[in-house]
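What follows is a short report on a single structure.
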Amino acid sequence: WTCAGSVGTRTVVERPEDADVDMPVGDHMALALSGRVLPAEDRRVLAAFAAQAAVVLDRQRLQSAADQSHALAEGNRIRTALLAAVSHDLRTPLAGIKAAVSSLRSDDVAWSEEDLAELLEGIEEGADRLDHLVGNLLDMSRLQTGTVTPLIREIDLDEVVPMALGGVPEDSVELDIPETLPMVAVDPGLLERAVANLVENAVKYSPADERVLVSASAMADRVEVRVVDSGPGVPDEAKDRIFEPFQRYGDAPRGAGVGLGLAVARGFAETMGGTIAAEDTPGGGLTMVLTVQAAADLQPAPADLPATANS
């Protein structure tokens, strides 16, 4: 490290942890720092502190530069992934909708009722897929910019979880939500979106003849929602990576999503003070465990307390 004194000299200074520090401080520098001319020994101490401050500032500058480089690299990665998503996953349903509409507008073919119903169903499915993809993109943007503000209130799980199953076939999910569960303190909208993304991901990877199980249980002051599938599963080293934005695992087909569903689900859960973790399903598959806070003032009374009689 170097320092320019009032006499215009530049002196190399050893780090403070070294035995000797030699950094002369001129009279003008001493006056500026202390308001008086310092003796030689005091100047030596002042020089040591100045050298240490220079080290700290230099490290801060290097760390700031590293943080900026990391942020730029992450931004470039996300932009690249987003471009790939827009170029394929969003254009695929648009192409299907366009083709179906063009067919319906054609005067050269007399469409049967079955054909019309099939074309209209294709348009509806493509629109639903677009709505889902754009919704996840907007949700991730809100999470990354810190603009998600949860409105926490007390609610029963059976008022929220069934609403999260609207995006999957009715016979693809088995629901087990006990009525005895305590209420939970959550943002109902964020919880619904989180569960919906977990369920849609599970259905995507489950065998066609196997239903996804969505169950819930209470543990102390927490309530767990478990989304259990019997698909191919995920190895331990990839269980955290699947929650990163724009990640697809295994042989997920192109057009099935932009790889944001699990990232959005975990982001919404953490915004509400909850967690999402991936576990192995016994016998094969993946289990997503969504944990949220139980409503504190509505917990069941301890078993050893006498019951209150109502007249």
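Just so we're on the same page: first chain in the structure tokens is A, next is B, and so on; residues restart at 1 for each chain, and ligands are numbered from 1 in the order they show up.
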
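Look at Gly267 (chain A): the protein and nucleic acid residues within 10 Å of it, using only C-alpha atoms and passing over chain neighbours fewer than 2 places away, are Asp139, Met140, Arg142, Leu143, Gln144, Val148, Leu190, Ala194, Phe243, Gly261, Leu262, Ala263, Val264, Ala265, Ala269, Glu270, Thr271, Met272, Gly273, Gly274, Thr275 and Ile276 of chain A.
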
Would you tabulate, counting only C-alpha atoms, all residues of region 103-169 of chain A that have an atom at most 12 Å from an atom of region 224-236 of chain A, showing the closest pair of atoms and their distance in Å to one decimal, sorted by chain then ascending number, as a Markdown table?
```
| residue | atom | partner | partner_atom | distance |
| --- | --- | --- | --- | --- |
| A:Leu157 | CA | A:Val225 | CA | 9.0 |
| A:Asp158 | CA | A:Val225 | CA | 11.1 |
| A:Val160 | CA | A:Val225 | CA | 11.5 |
| A:Val161 | CA | A:Val225 | CA | 9.1 |
| A:Ala164 | CA | A:Val227 | CA | 12.0 |
| A:Leu165 | CA | A:Val227 | CA | 11.6 |
```

Include C-alpha atoms and write out the residues we just selected as a PDB file, in the first residue's frame.
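Output (again_3.pdb):
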```pdb
ATOM      1  CA  LEU A 157     -56.222 -24.900   4.393  1.00  0.00           C
ATOM      2  CA  ASP A 158     -59.308 -26.566   2.921  1.00  0.00           C
ATOM      3  CA  VAL A 160     -57.235 -22.619  -0.295  1.00  0.00           C
ATOM      4  CA  VAL A 161     -55.731 -25.943  -1.396  1.00  0.00           C
ATOM      5  CA  ALA A 164     -55.045 -24.655  -6.369  1.00  0.00           C
ATOM      6  CA  LEU A 165     -56.022 -27.807  -8.269  1.00  0.00           C
TER       7      LEU A 165
END
```

Among region 126-288 of chain A, which ones does DSSP place in strand (DSSP E or B), written as a ChimeraX atom specification? /A:153-155,173-176,184-186,212-219,222-228,275-280,286-288

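As for CA of Asp187 (chain A) and CA of Thr149 (chain A), they are spaced 9.2 Å apart.
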
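Reported to one decimal place, the separation of CA of Glu179 (chain A) from CA of Ser215 (chain A) is 11.6 Å.
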
CA of Val292 (chain A) and CA of Met219 (chain A), how far apart in Å? 10.3 Å

Rank nothing, just name the residue among A:Val55, A:Val173, A:Ala66, A:Ile242 nearest to Gly259 (chain A), using only C-alpha atoms. A:Ile242

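Using only C-alpha atoms, the shortest contact distance between Asn197 (chain A) and any of A:Met288, A:Ile177, A:Val184, A:Leu213 is found at A:Met288.
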